[in-house]
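A.B. asks: There's a structure below that I have some questions on.
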Amino acid sequence: MVKNIELFSLVFVFFLAFSCENKIEIDKKTVFRYNETKNINSLDPIFAKDLSSIKVVNQLFNGLVDLNTKLEVIPSIAKSWNISSDGKVYTFILRNDVFFHPHPDLTERNVRAKDFEYSFERLIDPNNASPGKWVFDKVDNFKAINDTIFKIVLHQPYNPFLGILTMKYCSVVPKKVIESSNTEFRSSPIGTGPFKFKRWEENIKLVLRKNDEYFEKDEKGVKIPYLEAVSITFLPEKQSELLQLIKDEIDMISGIDSSFKDEILEINGDIKNKYKQSIKMLKGPFLNTEYLAFFMNSTKEEVQSPLIRKAINIGFDKNKMIRFLRNGIGKPANGGIIPIGLQGYKINENNRYNPEKAKEYVDQYKKITNEIPNLKLTTSPEYVVFCEFIQKELEKIGFNISIEVIPGSSLREAKANGKLDFFRASWVADYPSAENYLSLFYSKNLSPNGPNYTHFKDNFFDSIYNEIVSEKIEKNNILKYQKLDSIVNSKYVIVPLFYDEIVRFISKNISGMELNAINTLDLKRVKKK
């Protein structure tokens with residue numbers, strides 16, 4: 001009988017402990033919860049290509065450097081750095097108080113320069129097929145000088161390089177864990193970040209727990225993060241997210257979806273009164289330019305005509321498009337390819353809505369050719385409503401536009417291979433530099449080998465672009481960025497539509513969440529009341 005009582009007591013204690021652990025993981029007071037409608041394929045940073053995986057990887061890993069809310073490069077594991085006078089040698093001084101998360105194979109968890117050497121070798125190893133391998137294309141070599149000094153040498157000066165190093169591809173990882181036969185790194189990652197991996201039921205739920213050994217502190221010297229855990233669900237129905245937020249089942253919605261935009265937002269972009277007591281909206285610039293593009297090598301007469309390209313640029317009301325199709329989320333693209341939020345953005349007065357002038361251009365074209373202009377605009381399903389709006393507006397100035405809708409993957413392939421005369425496109429910045437956008441028009445980047453999908457070529461543009469990337473300090477290049485943008489604008493190579501904005505709806509009890517224009521999810525300083 002005594003043995004049975006002891007056994008019962010042991011089982012009860014185990015059950016209680018197990019229950020308490022689970023309670024800690026789901027306690028609303030300690031856990032930040034959000035949903036991803038898109039599944040994550042890997043938690044390995046060298047495969048962190050899309051936003052859903054980058055959000056999670058950012059909680060688990062650190063690199064040499066990071067970005068602040070102003071898109072300035074700031075220290076992370078590297079506490080300082082210097083750049084040689086010729087702009088080719090980057091020397092990083094590492095902190096000595098950064099540790100990998102605990103793992104049975106790690107007897108020595110302190111991060112050293114040799115860990116970055118291994119991590120970067122792994123990133124560029126063609127056998128790993130990382131989509132981020134390109135970030136080291138400009139690198140000649142890198143080496144750990146000792147435990148705390150790490151050196152990178154470039155082929156030639158390239159001032160966006162420091163910003164490129166902030167990408168999650170460049171995170172540090174532990175060699176022993178990756179090469180261990182006991183761990184599948186994609187699903188059981190070990191990093192240095194503010195949160196550590198706890199559990200992943202793929203396509204169902206992912207749980208991260210607070211890293212008590214994290215090296216950063218807040219402005220008052222208090223260790224961060226403040227949260228105990230992060231819980232991510234993977235429910236595919238976007239329209240259900242608002243209901244989950246209202247019912248206090250999640251703490252955040254990222255982005256605005258057509259399925260609920262009219263329910264939560266006024267037409268001017270303000271949150272509706274009935275939700276203001278429980279939900280607050282965070283909004284800021286997002287480095288994403290949405291545009292229409294012409295294939296400059298097209299044999300189509302309308303594409304080759306500057307009159308038609310100019311007419312399309314000024315022939316529809318971008319303010320009206322944003323207000324009615326996006327409930328005020330986003331800024332009408334009254335500049336060029338460089339979006340609001342980056343050095344080099346400048347308003348282009350020639351892109352202002354002017355239907356009378358647009359009609360004059362179309363009439364001139366008709367007189368020259370004796371034909372009504374006619375173009376096919378190719379888009380993916382999610383942007384049909386924008387293309388239909390443009391179609392109807394251009395009809396008013398005597399322009400016939402037909403719309404071809406194809407899957408997003410087919411659109412990417414067709415534009416890369418020069419099969420489309422006129423197509424919808426967008427560019428989300430990989431790193432915080434206007435050069436990233438201007439590279440779309442550099443002649444050595446012609447698709448399919450680069451991102452120049454328009455096949456625009458201009459020798460003057462190329463010469464200034466080469467000057468820019470060779471400068472040691474990016475701040476010196478603002479006027480040159482604007483000059484390059486104006487060259488593209490003057491040729492009417494693209495039709496800028498709008499500059500996107502980051503939108504997050506969060507519970508009123510959430511504080512400390514900040515935005516940056518790269519749309520990084522940073523939970524280090526987030527608190528729940």
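The way I read the labels, and the way they are meant: chains A, B, ... in the order of the structure tokens, residue 1 as the first residue of every chain, and ligand 1 as the first ligand shown, with later ones counted on from there.
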Among region 213-325 of chain A, which ones does DSSP assign to alpha helix (DSSP H) (computed from the backbone)? Answer as a PyMOL selection string.
C.D. replies: chain A and resi 241-246+261-264+301-304+306-314+318-325
A.B. asks: Next, write the just-selected residues to a file, as a compact mmCIF listing (two decimals), in the first residue's frame, keeping C-alpha atoms as the atom set.
C.D. replies:
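out_13.txt, written as the output of this step:
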```txt
# COMPACT_ATOMS: atom_id res chain seq x y z
CA GLU A 241 -6.46 36.38 -38.22
CA LEU A 242 -8.51 39.45 -37.36
CA LEU A 243 -10.97 37.31 -35.41
CA GLN A 244 -8.08 35.68 -33.54
CA LEU A 245 -6.70 39.11 -32.61
CA ILE A 246 -10.10 40.33 -31.40
CA LYS A 261 -9.10 45.54 -44.87
CA ASP A 262 -12.61 47.04 -45.17
CA GLU A 263 -13.62 45.57 -41.82
CA ILE A 264 -10.80 47.12 -39.80
CA GLU A 301 5.85 49.74 -81.33
CA GLU A 302 3.94 51.01 -78.29
CA VAL A 303 6.74 49.94 -75.95
CA GLN A 304 9.34 51.69 -78.09
CA PRO A 306 8.31 57.48 -75.45
CA LEU A 307 4.90 59.09 -76.01
CA ILE A 308 3.07 55.96 -74.88
CA ARG A 309 5.38 55.30 -71.95
CA LYS A 310 4.92 58.89 -70.75
CA ALA A 311 1.14 58.70 -71.23
CA ILE A 312 0.85 55.60 -69.07
CA ASN A 313 2.99 57.17 -66.33
CA ILE A 314 0.68 60.16 -65.92
CA LYS A 318 -2.27 56.91 -58.03
CA ASN A 319 -3.79 58.66 -55.00
CA LYS A 320 -7.22 57.34 -55.92
CA MET A 321 -5.78 53.86 -56.47
CA ILE A 322 -4.21 53.76 -52.99
CA ARG A 323 -7.28 55.17 -51.28
CA PHE A 324 -9.86 52.85 -52.78
CA LEU A 325 -7.88 49.67 -53.39
```
A.B. asks: Contacts of Ser470 (chain A) at 8 Å or less, counting only C-alpha atoms, minus same-chain residues fewer than 4 places along, as a ChimeraX atom specification?
C.D. replies: /A:87,156-159,466
A.B. asks: Please identify every residue of region 420-439 of chain A that has at least one atom no farther than 8 Å from an atom of region 331-355 of chain A, counting only C-alpha atoms, and for each give the shortest atom pair and the distance in Å to one decimal, arranged by chain then increasing number, as JSON lines.
C.D. replies:
```
{"residue": "A:Pro432", "atom": "CA", "partner": "A:Leu342", "partner_atom": "CA", "distance": 7.2}
{"residue": "A:Ser433", "atom": "CA", "partner": "A:Leu342", "partner_atom": "CA", "distance": 6.8}
{"residue": "A:Ala434", "atom": "CA", "partner": "A:Ile338", "partner_atom": "CA", "distance": 6.1}
{"residue": "A:Tyr437", "atom": "CA", "partner": "A:Ile338", "partner_atom": "CA", "distance": 6.2}
{"residue": "A:Leu438", "atom": "CA", "partner": "A:Ile337", "partner_atom": "CA", "distance": 7.6}
```
A.B. asks: Show me, as a list of chain:residue names, the residues that have an atom within 6 Å of Ile77 (chain A) when counting only C-alpha atoms, minus same-chain residues fewer than 2 positions from it.
C.D. replies: A:Leu64, A:Leu94, A:Arg95
A.B. asks: Can I get the selection written as a JSON list (two decimals), in the first residue's frame, with N, CA and C atoms?
C.D. replies:
```
[["chain", "number", "residue", "atom", "x", "y", "z"],
["A", 64, "LEU", "N", 27.42, 39.67, -37.34],
["A", 64, "LEU", "CA", 28.42, 40.64, -36.91],
["A", 64, "LEU", "C", 27.77, 41.98, -36.58],
["A", 94, "LEU", "N", 35.21, 41.45, -32.11],
["A", 94, "LEU", "CA", 34.07, 40.73, -31.56],
["A", 94, "LEU", "C", 33.96, 40.88, -30.04],
["A", 95, "ARG", "N", 32.74, 40.82, -29.54],
["A", 95, "ARG", "CA", 32.50, 40.72, -28.11],
["A", 95, "ARG", "C", 32.99, 39.36, -27.63]]
```
A.B. asks: Of the candidates A:Gln239, A:Asn127, A:Thr107, A:Gln364, which shows the shortest atom-to-atom distance to Pro174 (chain A), using only C-alpha atoms?
C.D. replies: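 The answer is A:Thr107, which sits nearest to Pro174 (chain A).
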A.B. asks: With a distance cut-off of 6 Å and only C-alpha atoms, select the neighbouring residues of region 489-505 of chain A, excluding the residue or stretch itself and same-chain residues fewer than 4 positions from it, and output the selection as a VMD selection string.
C.D. replies: chain A and resid 252 to 255 280 to 286 288 to 294 309 313 330 to 333 339
A.B. asks: Could the residues in this selection be saved with N, CA and C atoms as an mmCIF file, in the first residue's frame?
C.D. replies:
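The result, written out as part-v1.cif:
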```cif
data_model
loop_
_atom_site.group_PDB
_atom_site.id
_atom_site.type_symbol
_atom_site.label_atom_id
_atom_site.label_comp_id
_atom_site.auth_asym_id
_atom_site.auth_seq_id
_atom_site.Cartn_x
_atom_site.Cartn_y
_atom_site.Cartn_z
ATOM 1 N N MET A 252 -0.710 39.836 -32.685
ATOM 2 C CA MET A 252 -0.281 40.673 -33.806
ATOM 3 C C MET A 252 -0.768 40.103 -35.125
ATOM 4 N N ILE A 253 -1.118 41.010 -36.040
ATOM 5 C CA ILE A 253 -1.344 40.686 -37.447
ATOM 6 C C ILE A 253 -0.363 41.529 -38.250
ATOM 7 N N SER A 254 0.340 40.911 -39.183
ATOM 8 C CA SER A 254 1.266 41.645 -40.053
ATOM 9 C C SER A 254 0.636 41.827 -41.423
ATOM 10 N N GLY A 255 0.634 43.048 -41.908
ATOM 11 C CA GLY A 255 0.143 43.316 -43.247
ATOM 12 C C GLY A 255 -1.361 43.503 -43.275
ATOM 13 N N LYS A 280 -4.306 48.444 -31.652
ATOM 14 C CA LYS A 280 -3.617 49.627 -32.161
ATOM 15 C C LYS A 280 -2.852 49.260 -33.428
ATOM 16 N N MET A 281 -2.664 50.235 -34.269
ATOM 17 C CA MET A 281 -2.012 50.011 -35.562
ATOM 18 C C MET A 281 -0.651 50.697 -35.582
ATOM 19 N N LEU A 282 0.352 49.959 -36.011
ATOM 20 C CA LEU A 282 1.682 50.513 -36.249
ATOM 21 C C LEU A 282 1.879 50.585 -37.758
ATOM 22 N N LYS A 283 2.376 51.716 -38.248
ATOM 23 C CA LYS A 283 2.539 51.880 -39.691
ATOM 24 C C LYS A 283 3.814 52.666 -39.971
ATOM 25 N N GLY A 284 4.540 52.267 -40.994
ATOM 26 C CA GLY A 284 5.760 52.968 -41.371
ATOM 27 C C GLY A 284 6.217 52.568 -42.756
ATOM 28 N N PRO A 285 7.218 53.253 -43.303
ATOM 29 C CA PRO A 285 7.707 52.938 -44.653
ATOM 30 C C PRO A 285 8.233 51.508 -44.750
ATOM 31 N N PHE A 286 7.992 50.895 -45.897
ATOM 32 C CA PHE A 286 8.493 49.554 -46.201
ATOM 33 C C PHE A 286 9.267 49.655 -47.503
ATOM 34 N N ASN A 288 9.694 48.606 -50.368
ATOM 35 C CA ASN A 288 9.097 47.802 -51.427
ATOM 36 C C ASN A 288 8.449 48.746 -52.430
ATOM 37 N N THR A 289 8.973 48.776 -53.628
ATOM 38 C CA THR A 289 8.404 49.591 -54.697
ATOM 39 C C THR A 289 7.626 48.699 -55.655
ATOM 40 N N GLU A 290 6.343 49.025 -55.835
ATOM 41 C CA GLU A 290 5.494 48.311 -56.794
ATOM 42 C C GLU A 290 5.452 49.144 -58.082
ATOM 43 N N TYR A 291 5.620 48.471 -59.218
ATOM 44 C CA TYR A 291 5.702 49.224 -60.469
ATOM 45 C C TYR A 291 5.296 48.361 -61.666
ATOM 46 N N LEU A 292 5.079 49.019 -62.792
ATOM 47 C CA LEU A 292 4.919 48.359 -64.089
ATOM 48 C C LEU A 292 6.208 48.580 -64.856
ATOM 49 N N ALA A 293 6.588 47.613 -65.674
ATOM 50 C CA ALA A 293 7.871 47.712 -66.377
ATOM 51 C C ALA A 293 7.707 47.412 -67.868
ATOM 52 N N PHE A 294 8.500 48.112 -68.659
ATOM 53 C CA PHE A 294 8.563 47.875 -70.101
ATOM 54 C C PHE A 294 9.835 47.100 -70.428
ATOM 55 N N ARG A 309 4.846 55.556 -73.295
ATOM 56 C CA ARG A 309 5.377 55.295 -71.951
ATOM 57 C C ARG A 309 5.097 56.476 -71.017
ATOM 58 N N ASN A 313 2.467 56.690 -67.613
ATOM 59 C CA ASN A 313 2.989 57.166 -66.333
ATOM 60 C C ASN A 313 2.082 58.205 -65.686
ATOM 61 N N GLY A 330 0.046 52.624 -47.978
ATOM 62 C CA GLY A 330 1.004 52.815 -49.055
ATOM 63 C C GLY A 330 1.015 54.274 -49.488
ATOM 64 N N LYS A 331 2.096 54.665 -50.137
ATOM 65 C CA LYS A 331 2.233 56.032 -50.618
ATOM 66 C C LYS A 331 2.291 56.028 -52.146
ATOM 67 N N PRO A 332 1.493 56.880 -52.800
ATOM 68 C CA PRO A 332 1.557 56.958 -54.267
ATOM 69 C C PRO A 332 2.987 57.227 -54.720
ATOM 70 N N ALA A 333 3.417 56.537 -55.757
ATOM 71 C CA ALA A 333 4.811 56.641 -56.212
ATOM 72 C C ALA A 333 4.982 57.870 -57.086
ATOM 73 N N PRO A 339 12.415 54.042 -53.042
ATOM 74 C CA PRO A 339 11.218 54.293 -52.228
ATOM 75 C C PRO A 339 11.455 55.279 -51.093
#
```
A.B. asks: Give me, as an MDAnalysis selection string, all polymer residues having an atom no more than 8 Å from Ile124 (chain A), counting only C-alpha atoms and skipping those fewer than 6 positions away in the same chain.
C.D. replies: chainID A and resid 130 132:134 136
A.B. asks: Generate the output file for the selected residues, C-alpha atoms, as an mmCIF file, in the first residue's frame.
C.D. replies:
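Everything below was put into selection_28.cif:
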```
data_model
loop_
_atom_site.group_PDB
_atom_site.id
_atom_site.type_symbol
_atom_site.label_atom_id
_atom_site.label_comp_id
_atom_site.auth_asym_id
_atom_site.auth_seq_id
_atom_site.Cartn_x
_atom_site.Cartn_y
_atom_site.Cartn_z
ATOM 1 C CA SER A 130 21.995 28.680 -50.180
ATOM 2 C CA GLY A 132 22.110 33.863 -49.983
ATOM 3 C CA LYS A 133 25.397 32.742 -51.507
ATOM 4 C CA TRP A 134 25.438 35.893 -53.652
ATOM 5 C CA PHE A 136 29.747 37.248 -50.747
#
```
A.B. asks: Pull the strand (DSSP E) assignments for region 299-424 of chain A out of DSSP run on the backbone, and list those residues as a PyMOL selection string.
C.D. replies: chain A and resi 331-332+374-379+400-405+422-424
A.B. asks: With C-alpha atoms retained, export the selected residues as an mmCIF file, in the first residue's frame.
C.D. replies:
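Below you can see again30.cif, which holds the result:
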```
data_model
loop_
_atom_site.group_PDB
_atom_site.id
_atom_site.type_symbol
_atom_site.label_atom_id
_atom_site.label_comp_id
_atom_site.auth_asym_id
_atom_site.auth_seq_id
_atom_site.Cartn_x
_atom_site.Cartn_y
_atom_site.Cartn_z
ATOM 1 C CA LYS A 331 2.233 56.032 -50.618
ATOM 2 C CA PRO A 332 1.557 56.958 -54.267
ATOM 3 C CA ASN A 374 -2.806 48.641 -77.697
ATOM 4 C CA LEU A 375 -0.752 46.782 -75.070
ATOM 5 C CA LYS A 376 -1.031 43.593 -73.046
ATOM 6 C CA LEU A 377 -0.229 43.958 -69.348
ATOM 7 C CA THR A 378 0.828 40.722 -67.646
ATOM 8 C CA THR A 379 0.291 40.286 -63.927
ATOM 9 C CA ASN A 400 -6.490 49.982 -75.033
ATOM 10 C CA ILE A 401 -4.976 47.736 -72.355
ATOM 11 C CA SER A 402 -5.654 43.999 -72.173
ATOM 12 C CA ILE A 403 -4.738 42.074 -69.024
ATOM 13 C CA GLU A 404 -3.082 38.672 -68.954
ATOM 14 C CA VAL A 405 -3.149 36.859 -65.595
ATOM 15 C CA PHE A 422 4.722 45.056 -70.337
ATOM 16 C CA PHE A 423 4.401 43.533 -66.874
ATOM 17 C CA ARG A 424 3.788 44.192 -63.201
#
```
A.B. asks: Can you tell me, as a VMD selection string, what residues are no more than 9 Å from Thr148 (chain A) when counting only C-alpha atoms, ignoring any on the same chain fewer than 4 positions away?
C.D. replies: chain A and resid 78 92 to 96 111 to 114 144
A.B. asks: Of the residues A:Ala429, A:Leu479, A:Ile406, A:Leu420, which is the one nearest to Lys300 (chain A), using only C-alpha atoms?
C.D. replies: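 Answer, going by the shortest atom-to-atom distance: A:Leu420.
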A.B. asks: Could you check how far CA of Lys528 (chain A) sits from CA of Lys274 (chain A), in Å to one decimal?
C.D. replies: 22.1 Å
A.B. asks: Name all residues at most 6 Å from Glu228 (chain A) (count only C-alpha atoms; drop same-chain ones fewer than 3 positions away) and give them as a ChimeraX atom specification.
C.D. replies: /A:30-31,209-210
A.B. asks: Atoms to include: N, CA and C atoms. Write the selected residues as an mmCIF file, in the first residue's frame.
C.D. replies:
```cif
data_model
loop_
_atom_site.group_PDB
_atom_site.id
_atom_site.type_symbol
_atom_site.label_atom_id
_atom_site.label_comp_id
_atom_site.auth_asym_id
_atom_site.auth_seq_id
_atom_site.Cartn_x
_atom_site.Cartn_y
_atom_site.Cartn_z
ATOM 1 N N THR A 30 3.229 35.974 -20.548
ATOM 2 C CA THR A 30 4.659 35.808 -20.833
ATOM 3 C C THR A 30 4.963 35.472 -22.282
ATOM 4 N N VAL A 31 3.946 35.174 -23.080
ATOM 5 C CA VAL A 31 4.157 34.671 -24.435
ATOM 6 C C VAL A 31 3.619 35.643 -25.476
ATOM 7 N N ARG A 209 11.788 29.925 -26.658
ATOM 8 C CA ARG A 209 11.855 30.325 -25.256
ATOM 9 C C ARG A 209 12.945 31.369 -25.041
ATOM 10 N N LYS A 210 12.787 32.144 -24.008
ATOM 11 C CA LYS A 210 13.731 33.206 -23.666
ATOM 12 C C LYS A 210 15.135 32.651 -23.453
#
```
A.B. asks: Could you check which of A:Arg33, A:Lys151, A:Lys196, A:Lys359 is closest to Phe99 (chain A), using only C-alpha atoms?
C.D. replies: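 Once distances to Phe99 (chain A) are computed over only C-alpha atoms, the minimum belongs to A:Lys196.
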A.B. asks: Quick check, in Å to one decimal: how far apart do CA of Ser278 (chain A) and CA of Lys508 (chain A) lie?
C.D. replies: 5.4 Å
A.B. asks: At what distance in Å, to one decimal, does CA of Phe456 (chain A) lie from CA of Leu484 (chain A)?
C.D. replies: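 So the two atoms, CA of Leu484 (chain A) and CA of Phe456 (chain A), lie 12.4 Å apart.
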A.B. asks: Could you tell me which of A:Lys457, A:Lys480, A:Lys29, A:Lys49 comes closest to Leu440 (chain A) if we count only C-alpha atoms?
C.D. replies: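 Ranked by minimum distance to Leu440 (chain A), first place goes to A:Lys457.
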A.B. asks: From the list A:Gln59, A:Ser409, A:Ser486, A:Ser305, which residue is nearest Lys366 (chain A) when using only C-alpha atoms?
C.D. replies: A:Ser305
A.B. asks: Could you check the closest approach to His455 (chain A) for each of A:Lys70, A:Lys168, A:Arg326, A:Lys415 and tell me which residue wins, using only C-alpha atoms?
C.D. replies: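 Ranked by minimum distance to His455 (chain A), first place goes to A:Lys415.
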